[in-house]
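Coordinates from upload.cif are shown below (mmCIF, C-alpha atoms).
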data_data
#
loop_
_atom_site.label_atom_id
_atom_site.label_comp_id
_atom_site.auth_asym_id
_atom_site.auth_seq_id
_atom_site.Cartn_x
_atom_site.Cartn_y
_atom_site.Cartn_z
CA PRO K 11 159.28 66.47 18.22
CA TRP K 12 158.78 64.06 15.34
CA PRO K 13 161.45 61.33 15.53
CA PRO K 14 164.29 61.66 13.03
CA LYS K 15 163.99 59.38 10.00
CA GLU K 16 167.23 57.72 11.07
CA LEU K 17 165.38 56.14 14.02
CA SER K 18 163.02 54.22 11.77
CA PRO K 19 163.52 50.45 11.98
CA ASN K 20 163.86 50.55 8.18
CA SER K 21 166.87 52.87 8.34
CA ASN K 22 170.16 51.35 7.22
CA LEU K 23 172.26 53.87 9.11
CA HIS K 24 175.54 52.74 10.70
CA TRP K 25 174.99 51.83 14.35
CA SER K 26 177.22 54.64 15.66
CA LYS K 27 175.38 57.32 13.69
CA LYS K 28 172.03 55.85 14.76
CA ALA K 29 173.19 55.91 18.40
CA LYS K 30 173.99 59.62 18.06
CA LYS K 31 170.49 60.33 16.67
CA LYS K 32 168.92 58.31 19.50
CA LYS K 33 170.83 60.32 22.08
CA GLU K 34 169.83 63.62 20.43
CA TYR K 35 166.15 62.64 20.31
CA ARG K 36 166.20 61.33 23.89
CA THR K 37 167.74 64.60 25.09
CA ALA K 38 165.23 66.71 23.16
CA CYS K 39 162.29 64.78 24.64
CA TRP K 40 163.83 65.00 28.13
CA ALA K 41 164.16 68.78 27.81
CA LEU K 42 160.62 69.24 26.47
CA THR K 43 159.21 67.13 29.30
CA LEU K 44 160.97 69.31 31.87
CA GLU K 45 159.85 72.47 30.05
CA ALA K 46 156.22 71.26 30.07
CA LYS K 47 156.54 70.56 33.82
CA LEU K 48 155.02 67.10 33.41
CA GLN K 49 154.87 65.01 36.56
CA ALA K 50 154.37 61.30 37.06
CA PRO K 51 151.58 60.09 39.32
CA GLN K 52 152.72 59.08 42.80
CA GLY K 53 153.30 55.42 43.61
CA ASP K 54 154.63 52.47 41.67
CA GLY K 55 151.61 51.74 39.48
CA LYS K 56 151.25 52.01 35.74
CA ILE K 57 151.32 55.44 34.13
CA GLU K 58 148.70 55.76 31.42
CA ILE K 59 150.00 57.86 28.56
CA GLU K 60 148.37 58.83 25.29
CA ILE K 61 150.73 59.29 22.36
CA THR K 62 149.35 61.00 19.27
CA PHE K 63 151.35 61.01 16.05
CA HIS K 64 150.98 64.04 13.75
CA PRO K 65 153.21 63.31 10.73
CA PRO K 66 155.39 65.96 9.05
CA ASP K 67 153.85 65.27 5.62
CA LYS K 68 151.15 63.24 3.86
CA ARG K 69 153.33 60.17 3.12
CA HIS K 70 152.08 56.82 4.36
CA ARG K 71 153.81 55.48 7.47
CA ASP K 72 153.40 52.14 9.19
CA ALA K 73 152.10 52.43 12.74
CA ASP K 74 154.59 49.90 14.10
CA ASN K 75 157.52 51.83 12.63
CA MET K 76 156.30 55.09 14.19
CA VAL K 77 156.01 53.41 17.58
CA ALA K 78 159.50 51.90 17.28
CA ALA K 79 161.00 55.23 16.21
CA ILE K 80 159.91 57.03 19.39
CA LYS K 81 161.51 54.51 21.79
CA SER K 82 164.45 56.74 22.65
CA GLY K 83 162.09 59.71 23.02
CA LEU K 84 160.03 57.79 25.59
CA ASP K 85 163.26 56.99 27.40
CA GLY K 86 163.93 60.73 27.60
CA VAL K 87 160.44 61.34 29.01
CA ALA K 88 161.02 58.61 31.61
CA ASP K 89 164.37 60.20 32.51
CA ALA K 90 162.72 63.58 33.05
CA LEU K 91 159.90 62.06 35.13
CA LYS K 92 162.46 59.99 37.09
CA VAL K 93 160.51 56.76 36.50
CA ASN K 94 161.23 53.42 34.87
CA ASP K 95 159.61 53.40 31.42
CA LYS K 96 158.23 49.90 32.10
CA ARG K 97 155.54 51.73 34.09
CA PHE K 98 154.22 53.36 30.90
CA LEU K 99 150.91 52.02 29.65
CA PRO K 100 150.68 53.67 26.23
CA ASN K 101 147.66 54.29 24.06
CA PHE K 102 148.69 55.21 20.52
CA LYS K 103 146.71 57.45 18.17
CA PHE K 104 147.58 58.15 14.55
CA THR K 105 146.27 61.20 12.72
CA ASP K 106 146.55 62.60 9.21
CA THR K 107 146.99 66.12 10.59
CA VAL K 108 150.31 67.41 9.27
CA LEU K 109 152.12 69.00 12.22
CA GLY K 110 155.40 67.08 12.41
CA MET K 111 155.18 66.23 16.09
CA VAL K 112 154.32 63.59 18.61
CA ILE K 113 152.10 64.69 21.49
CA LEU K 114 152.32 62.81 24.79
CA GLU K 115 149.73 63.24 27.52
CA ILE K 116 149.78 61.70 30.97
CA LYS K 117 146.28 60.49 31.83
#

When written as structure tokens, how does the structure in this file appear?
Amino acid sequence: PWPPKELSPNSNLHWSKKAKKKKEYRTACWALTLEAKLQAPQGDGKIEIEITFHPPDKRHRDADNMVAAIKSGLDGVADALKVNDKRFLPNFKFTDTVLGMVILEIK
């Protein structure tokens, strides 16, 4: 799913409320990863992933803020794959297609 606006680095949300949103997003991404039956490549090497951002509307967003906002979601993916997220080697793509989601592919 698209990360909640509260996870943006520009959000001034109280830390405890932000922590709750992070946990919710991490759990949602964990569940979707399990549902999609994604599997990590064998071994200890890097895992190439492609992350494509499809915003929920036509407003301008900074690429670095989008990347920062999905951090807890990537943690959820790593949890589901049972890997350390330091193995991820991400390639980020940014589209203008309004879908309100982030698509992650393991290459």

Give, as lines of an AutoDock Vina configuration file, the centre coordinates and the x, y and z edge lengths in Å to one decimal for an axis-aligned box around all listed atoms of region 83-92 of chain K, padded by 3 Å on each side.
center_x = 162.1
center_y = 60.3
center_z = 30.1
size_x = 10.5
size_y = 12.6
size_z = 20.1

Check your understanding: Using only C-alpha atoms, can you list as JSON, numbers by chain the residues within 12 Å of (161.2, 70.2, 27.7)?
Key -> {"K": [11, 35, 36, 37, 38, 39, 40, 41, 42, 43, 44, 45, 46, 47, 48, 83, 86, 87, 89, 90, 91, 114]}

Pull the closest atom pair for each residue of region 48-81 of chain K that gets at most 6 Å from region 94-105 of chain K, along with the distance in Å to one decimal, counting all atoms listed in the file, ordering rows by chain and then ascending residue number, as CSV.
residue,atom,partner,partner_atom,distance
K:Lys56,CA,K:Arg97,CA,4.6
K:Ile57,CA,K:Phe98,CA,4.8
K:Glu58,CA,K:Leu99,CA,4.7
K:Ile59,CA,K:Pro100,CA,4.8
K:Glu60,CA,K:Asn101,CA,4.8
K:Ile61,CA,K:Phe102,CA,4.9
K:Thr62,CA,K:Lys103,CA,4.6
K:Phe63,CA,K:Phe104,CA,5.0
K:His64,CA,K:Thr105,CA,5.6

Review point. What is the CA of Val112 (chain K)-CA of Glu16 (chain K) distance in Å, reported with one decimal?
Key: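 A separation of 16.1 Å between them.
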
Review point. What residues come out when you apply the PyMOL selection byres ((chain K and resi 18-20) around 9) to this file, written as number ranges by chain?
Key: K: 13-17, 21-22, 75-76, 78-80

Just the selected residues (C-alpha atoms), exported as a PDB file, keeping the file's coordinate frame, please.
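out-v5.pdb was written with the following content:
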ATOM      1  CA  PRO K  13     161.450  61.330  15.530  1.00  0.00           C
ATOM      2  CA  PRO K  14     164.290  61.660  13.030  1.00  0.00           C
ATOM      3  CA  LYS K  15     163.990  59.380  10.000  1.00  0.00           C
ATOM      4  CA  GLU K  16     167.230  57.720  11.070  1.00  0.00           C
ATOM      5  CA  LEU K  17     165.380  56.140  14.020  1.00  0.00           C
ATOM      6  CA  SER K  21     166.870  52.870   8.340  1.00  0.00           C
ATOM      7  CA  ASN K  22     170.160  51.350   7.220  1.00  0.00           C
ATOM      8  CA  ASN K  75     157.520  51.830  12.630  1.00  0.00           C
ATOM      9  CA  MET K  76     156.300  55.090  14.190  1.00  0.00           C
ATOM     10  CA  ALA K  78     159.500  51.900  17.280  1.00  0.00           C
ATOM     11  CA  ALA K  79     161.000  55.230  16.210  1.00  0.00           C
ATOM     12  CA  ILE K  80     159.910  57.030  19.390  1.00  0.00           C
TER      13      ILE K  80
END

Revision key, fill the gap. Pairwise distance, CA of Glu115 (chain K) with CA of Lys68 (chain K), equals 23.7 Å

Atoms added to region 70-81 of chain K (all heavy atoms), reported as a CSV table (one decimal), in the frame of the given file:
chain,number,residue,atom,x,y,z
K,70,HIS,N,152.6,57.9,3.5
K,70,HIS,CA,152.1,56.8,4.4
K,70,HIS,C,153.2,56.3,5.3
K,70,HIS,O,154.3,56.2,4.8
K,70,HIS,CB,151.6,55.7,3.5
K,70,HIS,CG,151.3,54.4,4.3
K,70,HIS,ND1,150.1,54.3,5.0
K,70,HIS,CD2,152.0,53.3,4.4
K,70,HIS,CE1,150.2,53.1,5.6
K,70,HIS,NE2,151.3,52.5,5.3
K,71,ARG,N,152.9,56.1,6.5
K,71,ARG,CA,153.8,55.5,7.5
K,71,ARG,C,153.1,54.3,8.2
K,71,ARG,O,152.0,54.4,8.5
K,71,ARG,CB,154.2,56.5,8.5
K,71,ARG,CG,155.1,57.6,7.9
K,71,ARG,CD,155.4,58.7,8.9
K,71,ARG,NE,156.4,59.6,8.4
K,71,ARG,CZ,156.1,60.6,7.5
K,71,ARG,NH1,154.9,60.8,7.0
K,71,ARG,NH2,157.1,61.4,7.1
K,72,ASP,N,153.9,53.3,8.4
K,72,ASP,CA,153.4,52.1,9.2
K,72,ASP,C,153.4,52.5,10.7
K,72,ASP,O,154.3,53.1,11.2
K,72,ASP,CB,154.3,50.9,9.0
K,72,ASP,CG,154.2,50.3,7.6
K,72,ASP,OD1,153.2,50.6,6.9
K,72,ASP,OD2,155.2,49.6,7.2
K,73,ALA,N,152.3,52.1,11.3
K,73,ALA,CA,152.1,52.4,12.7
K,73,ALA,C,153.2,51.8,13.6
K,73,ALA,O,153.7,52.4,14.5
K,73,ALA,CB,150.7,52.0,13.2
K,74,ASP,N,153.6,50.6,13.3
K,74,ASP,CA,154.6,49.9,14.1
K,74,ASP,C,155.9,50.6,14.0
K,74,ASP,O,156.7,50.6,14.9
K,74,ASP,CB,154.7,48.4,13.8
K,74,ASP,CG,155.0,48.1,12.3
K,74,ASP,OD1,154.7,48.9,11.5
K,74,ASP,OD2,155.4,47.0,12.1
K,75,ASN,N,156.3,51.1,12.8
K,75,ASN,CA,157.5,51.8,12.6
K,75,ASN,C,157.5,53.2,13.4
K,75,ASN,O,158.6,53.6,13.9
K,75,ASN,CB,157.8,52.1,11.1
K,75,ASN,CG,158.2,50.8,10.4
K,75,ASN,OD1,158.6,49.8,11.0
K,75,ASN,ND2,158.0,50.8,9.1
K,76,MET,N,156.4,53.8,13.4
K,76,MET,CA,156.3,55.1,14.2
K,76,MET,C,156.5,54.8,15.7
K,76,MET,O,157.2,55.5,16.4
K,76,MET,CB,155.0,55.8,13.9
K,76,MET,CG,154.9,56.4,12.6
K,76,MET,SD,153.4,57.4,12.4
K,76,MET,CE,152.2,56.2,12.0
K,77,VAL,N,155.9,53.8,16.2
K,77,VAL,CA,156.0,53.4,17.6
K,77,VAL,C,157.5,53.1,17.9
K,77,VAL,O,158.0,53.5,18.9
K,77,VAL,CB,155.0,52.3,18.0
K,77,VAL,CG1,155.3,51.7,19.3
K,77,VAL,CG2,153.6,52.7,17.8
K,78,ALA,N,158.1,52.3,17.0
K,78,ALA,CA,159.5,51.9,17.3
K,78,ALA,C,160.4,53.1,17.2
K,78,ALA,O,161.4,53.2,18.0
K,78,ALA,CB,159.9,50.9,16.2
K,79,ALA,N,160.1,54.1,16.4
K,79,ALA,CA,161.0,55.2,16.2
K,79,ALA,C,161.0,56.2,17.4
K,79,ALA,O,162.0,56.9,17.6
K,79,ALA,CB,160.6,56.0,15.0
K,80,ILE,N,160.0,56.1,18.2
K,80,ILE,CA,159.9,57.0,19.4
K,80,ILE,C,160.5,56.4,20.7
K,80,ILE,O,160.4,57.0,21.7
K,80,ILE,CB,158.5,57.6,19.7
K,80,ILE,CG1,157.5,56.5,20.1
K,80,ILE,CG2,158.0,58.4,18.5
K,80,ILE,CD1,156.3,57.0,20.8
K,81,LYS,N,161.0,55.2,20.6
K,81,LYS,CA,161.5,54.5,21.8
K,81,LYS,C,162.5,55.4,22.6
K,81,LYS,O,162.3,55.5,23.8
K,81,LYS,CB,162.2,53.2,21.4
K,81,LYS,CG,163.0,52.5,22.4
K,81,LYS,CD,162.1,52.0,23.6
K,81,LYS,CE,163.0,51.2,24.5
K,81,LYS,NZ,163.3,51.8,25.8
